[in-house]
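Note: the block below is upload_19.cif and it holds mmCIF, C-alpha atoms.
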```cif
data_entry
loop_
_atom_site.label_atom_id
_atom_site.label_comp_id
_atom_site.auth_asym_id
_atom_site.auth_seq_id
_atom_site.Cartn_x
_atom_site.Cartn_y
_atom_site.Cartn_z
CA MET A 1 0.98 18.64 19.71
CA ASN A 2 0.09 20.54 22.90
CA GLY A 3 1.36 19.10 26.21
CA GLY A 4 0.93 15.48 25.09
CA TYR A 5 -2.42 16.18 23.43
CA ILE A 6 -2.75 16.28 19.66
CA THR A 7 -4.76 19.23 18.46
CA GLY A 8 -6.14 19.75 14.97
CA GLY A 9 -5.16 17.03 12.55
CA TRP A 10 -8.27 17.12 10.38
CA SER A 11 -6.08 17.34 7.27
CA PHE A 12 -4.62 13.90 8.13
CA VAL A 13 -8.09 12.50 8.72
CA TRP A 14 -9.38 13.74 5.36
CA ALA A 15 -6.21 12.47 3.66
CA ALA A 16 -6.72 8.96 5.10
CA TYR A 17 -10.42 8.78 4.23
CA GLY A 18 -9.91 10.39 0.80
CA TRP A 19 -7.05 8.08 -0.13
CA THR A 20 -9.04 5.04 1.04
CA ALA A 21 -12.05 6.06 -1.08
CA LEU A 22 -9.86 6.80 -4.09
CA VAL A 23 -7.97 3.48 -3.96
CA LEU A 24 -11.09 1.35 -3.39
CA ALA A 25 -13.06 3.18 -6.11
CA SER A 26 -10.16 2.89 -8.58
CA TYR A 27 -9.81 -0.83 -7.93
CA GLY A 28 -13.57 -1.34 -8.30
CA ILE A 29 -13.57 0.48 -11.65
CA SER A 30 -10.53 -1.50 -12.82
CA LEU A 31 -12.34 -4.74 -11.93
CA ILE A 32 -15.40 -3.75 -13.98
CA LEU A 33 -13.20 -2.81 -16.96
CA ARG A 34 -11.17 -6.05 -16.75
CA LEU A 35 -14.37 -8.08 -16.41
CA ARG A 36 -15.82 -6.53 -19.56
CA LYS A 37 -12.54 -7.06 -21.41
CA SER A 38 -12.44 -10.73 -20.41
CA ARG A 39 -15.87 -11.50 -21.95
CA MET B 1 -2.92 -39.85 -9.24
CA THR B 2 -1.94 -36.70 -7.36
CA ALA B 3 -3.90 -33.52 -7.73
CA ALA B 4 -1.06 -31.84 -9.63
CA ALA B 5 -0.70 -34.83 -11.97
CA GLU B 6 -4.43 -34.91 -12.56
CA ARG B 7 -4.32 -31.21 -13.32
CA SER B 8 -1.51 -31.83 -15.83
CA VAL B 9 -3.59 -34.48 -17.61
CA ILE B 10 -6.60 -32.20 -17.71
CA TYR B 11 -4.41 -29.41 -19.08
CA SER B 12 -2.76 -31.56 -21.74
CA THR B 13 -6.02 -33.10 -22.94
CA GLY B 14 -7.89 -29.85 -22.82
CA SER B 15 -10.83 -31.49 -21.09
CA GLY B 16 -10.53 -29.49 -17.92
CA PRO B 17 -12.06 -26.10 -18.53
CA ILE B 18 -15.59 -27.36 -18.75
CA ARG B 19 -15.34 -29.30 -15.50
CA MET B 20 -13.28 -26.84 -13.64
CA ILE B 21 -14.02 -23.44 -14.58
CA ALA B 22 -17.57 -22.94 -14.28
CA PRO B 23 -17.44 -19.51 -12.73
CA ASN B 24 -20.15 -19.22 -10.14
CA HIS B 25 -22.97 -17.66 -12.09
CA ARG B 26 -25.73 -19.03 -9.90
CA PHE B 27 -25.92 -15.55 -8.41
CA PRO B 28 -24.48 -13.28 -11.10
CA LYS B 29 -25.55 -10.07 -9.37
CA LEU B 30 -24.39 -11.09 -5.88
CA PRO B 31 -20.92 -9.47 -6.06
CA TYR B 32 -22.43 -6.19 -7.22
CA ALA B 33 -24.98 -6.32 -4.39
CA LEU B 34 -22.18 -6.96 -1.89
CA VAL B 35 -20.15 -4.05 -3.25
CA ALA B 36 -23.20 -1.76 -3.03
CA LEU B 37 -23.93 -2.93 0.52
CA GLY B 38 -20.27 -2.40 1.44
CA VAL B 39 -20.29 1.14 0.08
CA LEU B 40 -23.49 1.89 2.00
CA CYS B 41 -22.03 0.55 5.28
CA LEU B 42 -18.83 2.53 4.69
CA LEU B 43 -20.76 5.76 4.04
CA VAL B 44 -22.83 5.35 7.22
CA GLY B 45 -19.86 4.20 9.32
CA SER B 46 -17.64 7.02 8.05
CA TYR B 47 -20.37 9.58 8.73
CA PHE B 48 -20.58 8.40 12.34
CA GLY B 49 -16.79 8.18 12.59
CA LEU B 50 -16.18 11.65 11.23
CA PHE B 51 -19.10 13.65 12.60
CA VAL B 52 -20.84 11.81 15.46
CA ALA B 53 -18.22 9.92 17.51
CA PRO B 54 -16.34 12.15 19.97
CA PRO B 55 -12.62 12.86 19.51
CA GLU B 56 -10.27 10.65 21.52
CA HIS B 57 -8.83 12.21 24.69
CA PHE B 58 -5.13 12.29 23.72
CA MET B 59 -5.11 11.95 19.93
CA GLY B 60 -8.08 14.22 19.30
CA ASN B 61 -9.58 14.06 15.81
CA VAL B 62 -6.61 12.17 14.37
CA GLN B 63 -7.93 9.03 16.09
CA ARG B 64 -10.84 9.03 13.59
CA ILE B 65 -8.42 7.38 11.15
CA MET B 66 -8.88 4.25 13.27
CA TYR B 67 -12.38 3.75 11.80
CA VAL B 68 -10.89 2.97 8.38
CA HIS B 69 -7.44 1.74 9.41
CA VAL B 70 -8.49 -1.07 11.77
CA PRO B 71 -11.23 -2.52 9.48
CA THR B 72 -8.75 -2.43 6.60
CA ALA B 73 -6.23 -4.37 8.70
CA TRP B 74 -8.78 -7.01 9.74
CA ASN B 75 -9.95 -7.54 6.18
CA ALA B 76 -6.45 -7.53 4.67
CA LEU B 77 -5.52 -10.44 6.95
CA LEU B 78 -8.87 -12.09 6.17
CA ALA B 79 -8.29 -11.85 2.40
CA MET B 80 -4.85 -13.39 2.81
CA THR B 81 -6.31 -16.13 5.01
CA PHE B 82 -8.81 -16.83 2.23
CA ALA B 83 -5.95 -17.05 -0.28
CA PHE B 84 -4.15 -19.45 2.09
CA GLY B 85 -7.24 -21.67 2.34
CA CYS B 86 -7.61 -21.64 -1.45
CA ALA B 87 -3.93 -22.59 -1.83
CA ILE B 88 -4.39 -25.67 0.35
CA VAL B 89 -7.60 -26.77 -1.38
CA SER B 90 -6.05 -26.10 -4.79
CA LEU B 91 -3.01 -28.25 -3.97
CA PHE B 92 -5.08 -31.14 -2.64
CA THR B 93 -7.92 -31.17 -5.17
CA GLY B 94 -6.31 -29.78 -8.31
CA ASP B 95 -9.55 -27.94 -9.00
CA TRP B 96 -8.85 -24.84 -11.08
CA LYS B 97 -11.57 -22.73 -9.51
CA TRP B 98 -9.57 -22.67 -6.27
CA ASP B 99 -6.55 -21.47 -8.22
CA ALA B 100 -8.66 -18.61 -9.58
CA ARG B 101 -9.92 -17.83 -6.07
CA LEU B 102 -6.36 -17.86 -4.73
CA GLU B 103 -5.38 -15.23 -7.29
CA ALA B 104 -8.40 -13.12 -6.36
CA GLY B 105 -7.78 -13.37 -2.61
CA ALA B 106 -4.09 -12.56 -2.98
CA GLU B 107 -4.74 -9.51 -5.16
CA VAL B 108 -7.44 -8.07 -2.90
CA GLY B 109 -5.21 -8.84 0.11
CA VAL B 110 -2.38 -6.85 -1.50
CA LEU B 111 -4.77 -3.98 -2.23
CA LEU B 112 -5.95 -3.82 1.39
CA ALA B 113 -2.44 -4.28 2.84
CA PHE B 114 -1.16 -1.45 0.65
CA LEU B 115 -4.06 0.73 1.79
CA LEU B 116 -3.33 -0.29 5.38
CA CYS B 117 0.29 0.89 5.13
CA CYS B 118 -0.79 4.21 3.59
CA GLN B 119 -3.43 4.85 6.29
CA GLY B 120 -0.93 3.85 8.98
CA ALA B 121 1.67 6.28 7.62
CA ILE B 122 -0.89 9.11 7.59
CA TRP B 123 -1.83 8.30 11.21
CA ALA B 124 1.82 7.89 12.27
CA LYS B 125 2.95 11.36 11.17
CA PRO B 126 0.88 13.42 13.64
CA THR B 127 1.13 10.87 16.49
CA TRP B 128 4.69 9.49 16.22
CA GLY B 129 6.23 12.38 14.29
CA VAL B 130 7.37 10.15 11.41
CA TRP B 131 5.64 8.65 8.38
CA TRP B 132 7.28 5.26 8.87
CA ASP B 133 9.27 3.41 11.51
CA TRP B 134 10.89 -0.01 11.29
CA ASP B 135 8.97 -1.20 14.31
CA PRO B 136 7.96 -4.90 14.50
CA ARG B 137 4.31 -4.44 13.43
CA LEU B 138 5.15 -2.19 10.50
CA THR B 139 8.11 -4.27 9.39
CA THR B 140 6.22 -7.59 9.46
CA THR B 141 3.31 -5.96 7.58
CA ALA B 142 5.71 -4.63 4.93
CA VAL B 143 7.23 -8.13 4.59
CA LEU B 144 3.72 -9.60 4.19
CA LEU B 145 2.80 -7.05 1.53
CA CYS B 146 6.03 -7.71 -0.39
CA ALA B 147 5.55 -11.49 -0.13
CA PHE B 148 2.04 -11.34 -1.60
CA ILE B 149 3.18 -8.90 -4.32
CA GLY B 150 5.79 -11.55 -5.11
CA ILE B 151 3.06 -14.19 -5.43
CA LEU B 152 1.14 -11.99 -7.87
CA ALA B 153 4.38 -11.36 -9.83
CA LEU B 154 5.00 -15.11 -9.93
CA ARG B 155 1.51 -15.70 -11.32
CA HIS B 156 2.05 -12.97 -13.88
CA PHE B 157 5.36 -14.28 -15.19
CA VAL B 158 4.71 -18.06 -15.24
CA ASP B 159 2.86 -19.00 -18.43
CA ASP B 160 2.29 -22.70 -17.74
CA PRO B 161 -1.02 -22.87 -15.78
CA VAL B 162 -0.08 -26.10 -13.99
CA LYS B 163 3.27 -24.81 -12.74
CA ARG B 164 1.71 -21.45 -11.92
CA ALA B 165 -1.05 -23.03 -9.84
CA THR B 166 1.31 -25.30 -7.90
CA TRP B 167 4.10 -22.79 -7.36
CA SER B 168 1.80 -19.95 -6.32
CA ALA B 169 -0.12 -22.22 -3.93
CA VAL B 170 3.14 -23.27 -2.24
CA ALA B 171 4.35 -19.66 -2.16
CA THR B 172 1.06 -18.53 -0.60
CA ILE B 173 1.34 -21.14 2.15
CA ILE B 174 4.92 -20.00 2.90
CA ALA B 175 3.98 -16.29 2.81
CA TYR B 176 1.01 -16.89 5.10
CA VAL B 177 3.39 -17.83 7.93
CA ASP B 178 3.86 -14.07 8.36
CA VAL B 179 0.16 -13.41 9.08
CA PRO B 180 0.16 -14.65 12.71
CA ILE B 181 3.51 -12.93 13.19
CA VAL B 182 1.94 -9.64 12.05
CA TYR B 183 -1.01 -10.16 14.38
CA TYR B 184 1.02 -11.04 17.48
CA SER B 185 4.01 -8.76 16.77
CA VAL B 186 2.64 -6.05 19.08
CA ARG B 187 2.44 -8.58 21.94
CA TRP B 188 5.70 -10.42 21.30
CA TRP B 189 7.99 -7.38 20.92
CA ASN B 190 8.23 -3.83 22.20
CA SER B 191 6.39 -1.86 19.58
CA LEU B 192 5.52 1.76 18.90
CA HIS B 193 2.27 0.42 17.49
CA GLN B 194 -0.57 0.08 19.96
CA LEU B 195 -2.13 -3.29 20.81
CA GLN B 196 -4.95 -4.64 18.65
CA SER B 197 -8.15 -2.59 18.87
CA SER B 198 -11.32 -4.49 19.73
CA PRO B 199 -14.61 -3.69 21.49
CA ALA B 200 -12.80 -4.56 24.72
CA THR B 201 -10.11 -1.90 24.16
CA VAL B 202 -12.12 1.01 22.77
CA SER B 203 -14.88 3.18 24.23
CA SER B 204 -18.47 2.11 23.55
CA GLN B 205 -18.96 5.37 21.65
CA PHE B 206 -16.48 4.12 19.06
CA TYR B 207 -18.20 0.75 18.43
CA LEU B 208 -20.73 1.78 15.79
CA PRO B 209 -18.40 3.41 13.23
CA LEU B 210 -15.76 0.73 13.80
CA ARG B 211 -18.21 -2.13 13.25
CA MET B 212 -20.06 -0.48 10.36
CA ASN B 213 -16.80 0.12 8.51
CA ALA B 214 -15.56 -3.38 9.34
CA PHE B 215 -18.68 -4.89 7.77
CA GLY B 216 -18.49 -2.35 4.92
CA ILE B 217 -14.97 -3.38 3.95
CA LEU B 218 -15.87 -7.05 4.50
CA PHE B 219 -18.76 -6.84 2.02
CA LEU B 220 -16.67 -4.79 -0.40
CA MET B 221 -13.77 -7.25 -0.15
CA THR B 222 -16.06 -10.26 -0.71
CA GLY B 223 -17.62 -8.62 -3.78
CA PHE B 224 -14.20 -7.69 -5.15
CA ILE B 225 -12.86 -11.23 -4.62
CA MET B 226 -15.88 -12.75 -6.41
CA LEU B 227 -15.48 -10.40 -9.38
CA ARG B 228 -11.72 -10.88 -9.53
CA ALA B 229 -12.14 -14.67 -9.37
CA ARG B 230 -14.41 -14.48 -12.43
CA ILE B 231 -11.70 -12.64 -14.35
CA ALA B 232 -9.10 -15.23 -13.32
CA SER B 233 -11.46 -18.11 -14.16
CA ARG B 234 -12.09 -16.79 -17.65
CA ARG B 235 -8.37 -16.33 -18.29
CA ILE B 236 -7.55 -19.85 -17.07
CA ALA B 237 -10.40 -21.29 -19.16
CA THR B 238 -8.97 -19.57 -22.23
CA GLU B 239 -5.50 -20.90 -21.48
CA LEU B 240 -6.79 -24.44 -21.00
CA ALA B 241 -9.08 -24.48 -24.02
CA PRO B 242 -8.00 -26.88 -26.78
CA PRO B 243 -6.43 -25.18 -29.79
CA PRO B 244 -8.70 -24.45 -32.78
CA ALA B 245 -9.18 -27.39 -35.17
CA ASP B 246 -7.55 -25.60 -38.11
CA LEU B 247 -4.41 -24.94 -36.05
CA VAL B 248 -4.29 -28.59 -35.03
CA GLY B 249 -4.50 -29.52 -38.71
CA GLU B 250 -1.61 -27.21 -39.60
CA LEU B 251 0.57 -28.62 -36.83
CA ALA B 252 -0.23 -32.19 -37.87
#
```
Show this structure as structure tokens.
Amino acid sequence: MNGGYITGGWSFVWAAYGWTALVLASYGISLILRLRKSR
Amino acid sequence: MTAAAERSVIYSTGSGPIRMIAPNHRFPKLPYALVALGVLCLLVGSYFGLFVAPPEHFMGNVQRIMYVHVPTAWNALLAMTFAFGCAIVSLFTGDWKWDARLEAGAEVGVLLAFLLCCQGAIWAKPTWGVWWDWDPRLTTTAVLLCAFIGILALRHFVDDPVKRATWSAVATIIAYVDVPIVYYSVRWWNSLHQLQSSPATVSSQFYLPLRMNAFGILFLMTGFIMLRARIASRRIATELAPPPADLVGELA
């Protein structure tokens, strides 16, 4: 934080995008596995 | 005969699965195409959000989290609205496919709401100085997430398909009351959380990544719900199938 302005913060941005990708990809893979198991 | 009673008869006679559970295989590849389209939109939208759109004046680069956070919020509420619609149709028609769709919508809604809370916490730390605050928007969202986790737990622990369908449909309708409260919480109460973001409240330079990611998560969510509904349909069909003839003979 610099006088009311936020500087930097790329680590938070990458964390949010990375976590989103990881969770969505994991759920997608789990769906495929469960679908195969249910056949 | 009420829908629930009809469902009981179908369950007890074992004649239901054929009528009810015909998972939608008219377009077997459609969910996969939607998922692929969703991933493509998310890749393009995230590229524009991360590397093309300018940083916001006060929040700088941290504001780029908005391009995944806001679409996730929209689609989480949409998935739960879908589950709510399925609950009503399931109660009134007794058709099992809507029960399967309810389960799918609720699970994907929980996934997106969980993701929403995580993204919000990551955005809150550099802007508010804390990972979490019991502010009205965050609190009502946490209540919504817990309520829908409860619905999934209910479905997991109740073995009787008829009771499970009825109870979870009623629980979904009750839990859904929180959705408009979540949406309007930032207008009704003093909140740390900003007002809803829309094209009217953000710069035109932010439109493209916001909309691309919104459609990306929408396509992804739709594909996920269709696939998850197939899993639920197959499980319900197995549960409703009449017992094997040899087992019937033994019991007789």
### Message
Can you work out which residues from chain B touch chain A at a cut-off of 10 Å (counting only C-alpha atoms) and hand them back as JSON, numbers by chain?
### Response
{"B": [35, 39, 42, 46, 50, 56, 57, 58, 59, 60, 61, 62, 63, 64, 65, 66, 67, 68, 69, 72, 108, 111, 112, 114, 115, 116, 118, 119, 120, 121, 122, 123, 124, 125, 126, 127, 129, 217, 220, 221, 223, 224, 225, 227, 228, 229, 230, 231, 232, 233, 234, 235, 238]}
Write the selection just made, keeping C-alpha atoms, as a PDB file, in the coordinates of the input?
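Below you can see again19.pdb, which holds the result:
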```pdb
ATOM      1  CA  VAL B  35     -20.150  -4.050  -3.250  1.00  0.00           C
ATOM      2  CA  VAL B  39     -20.290   1.140   0.080  1.00  0.00           C
ATOM      3  CA  LEU B  42     -18.830   2.530   4.690  1.00  0.00           C
ATOM      4  CA  SER B  46     -17.640   7.020   8.050  1.00  0.00           C
ATOM      5  CA  LEU B  50     -16.180  11.650  11.230  1.00  0.00           C
ATOM      6  CA  GLU B  56     -10.270  10.650  21.520  1.00  0.00           C
ATOM      7  CA  HIS B  57      -8.830  12.210  24.690  1.00  0.00           C
ATOM      8  CA  PHE B  58      -5.130  12.290  23.720  1.00  0.00           C
ATOM      9  CA  MET B  59      -5.110  11.950  19.930  1.00  0.00           C
ATOM     10  CA  GLY B  60      -8.080  14.220  19.300  1.00  0.00           C
ATOM     11  CA  ASN B  61      -9.580  14.060  15.810  1.00  0.00           C
ATOM     12  CA  VAL B  62      -6.610  12.170  14.370  1.00  0.00           C
ATOM     13  CA  GLN B  63      -7.930   9.030  16.090  1.00  0.00           C
ATOM     14  CA  ARG B  64     -10.840   9.030  13.590  1.00  0.00           C
ATOM     15  CA  ILE B  65      -8.420   7.380  11.150  1.00  0.00           C
ATOM     16  CA  MET B  66      -8.880   4.250  13.270  1.00  0.00           C
ATOM     17  CA  TYR B  67     -12.380   3.750  11.800  1.00  0.00           C
ATOM     18  CA  VAL B  68     -10.890   2.970   8.380  1.00  0.00           C
ATOM     19  CA  HIS B  69      -7.440   1.740   9.410  1.00  0.00           C
ATOM     20  CA  THR B  72      -8.750  -2.430   6.600  1.00  0.00           C
ATOM     21  CA  VAL B 108      -7.440  -8.070  -2.900  1.00  0.00           C
ATOM     22  CA  LEU B 111      -4.770  -3.980  -2.230  1.00  0.00           C
ATOM     23  CA  LEU B 112      -5.950  -3.820   1.390  1.00  0.00           C
ATOM     24  CA  PHE B 114      -1.160  -1.450   0.650  1.00  0.00           C
ATOM     25  CA  LEU B 115      -4.060   0.730   1.790  1.00  0.00           C
ATOM     26  CA  LEU B 116      -3.330  -0.290   5.380  1.00  0.00           C
ATOM     27  CA  CYS B 118      -0.790   4.210   3.590  1.00  0.00           C
ATOM     28  CA  GLN B 119      -3.430   4.850   6.290  1.00  0.00           C
ATOM     29  CA  GLY B 120      -0.930   3.850   8.980  1.00  0.00           C
ATOM     30  CA  ALA B 121       1.670   6.280   7.620  1.00  0.00           C
ATOM     31  CA  ILE B 122      -0.890   9.110   7.590  1.00  0.00           C
ATOM     32  CA  TRP B 123      -1.830   8.300  11.210  1.00  0.00           C
ATOM     33  CA  ALA B 124       1.820   7.890  12.270  1.00  0.00           C
ATOM     34  CA  LYS B 125       2.950  11.360  11.170  1.00  0.00           C
ATOM     35  CA  PRO B 126       0.880  13.420  13.640  1.00  0.00           C
ATOM     36  CA  THR B 127       1.130  10.870  16.490  1.00  0.00           C
ATOM     37  CA  GLY B 129       6.230  12.380  14.290  1.00  0.00           C
ATOM     38  CA  ILE B 217     -14.970  -3.380   3.950  1.00  0.00           C
ATOM     39  CA  LEU B 220     -16.670  -4.790  -0.400  1.00  0.00           C
ATOM     40  CA  MET B 221     -13.770  -7.250  -0.150  1.00  0.00           C
ATOM     41  CA  GLY B 223     -17.620  -8.620  -3.780  1.00  0.00           C
ATOM     42  CA  PHE B 224     -14.200  -7.690  -5.150  1.00  0.00           C
ATOM     43  CA  ILE B 225     -12.860 -11.230  -4.620  1.00  0.00           C
ATOM     44  CA  LEU B 227     -15.480 -10.400  -9.380  1.00  0.00           C
ATOM     45  CA  ARG B 228     -11.720 -10.880  -9.530  1.00  0.00           C
ATOM     46  CA  ALA B 229     -12.140 -14.670  -9.370  1.00  0.00           C
ATOM     47  CA  ARG B 230     -14.410 -14.480 -12.430  1.00  0.00           C
ATOM     48  CA  ILE B 231     -11.700 -12.640 -14.350  1.00  0.00           C
ATOM     49  CA  ALA B 232      -9.100 -15.230 -13.320  1.00  0.00           C
ATOM     50  CA  SER B 233     -11.460 -18.110 -14.160  1.00  0.00           C
ATOM     51  CA  ARG B 234     -12.090 -16.790 -17.650  1.00  0.00           C
ATOM     52  CA  ARG B 235      -8.370 -16.330 -18.290  1.00  0.00           C
ATOM     53  CA  THR B 238      -8.970 -19.570 -22.230  1.00  0.00           C
TER      54      THR B 238
END
```
### Message
Please report the interatomic distance between atom CA of Ala79 of chain B and atom CA of Val170 of chain B in Å with one decimal.
### Response
16.8 Å
### Task
Name the residues that the PyMOL selection byres ((chain B and resi 175-177) around 8) picks from the file above, as a count of residues only, using the file's chain letters and numbers.
14
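Going from atom CA of Leu218 of chain B to atom CA of Leu78 of chain B covers 8.8 Å.
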### Query
Quick one: distance from atom CA of Leu145 of chain B to atom CA of Asp160 of chain B in Å, one decimal?
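Pair atom CA of Leu145 of chain B / atom CA of Asp160 of chain B returns 24.8 Å.
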### Query
Nearest to Leu192 of chain B: which of B:Pro136, B:Pro209, B:Pro242, B:Pro55 is it, counting all atoms listed in the file?
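Looking only at the distances to Leu192 of chain B, the closest residue turns out to be B:Pro136.
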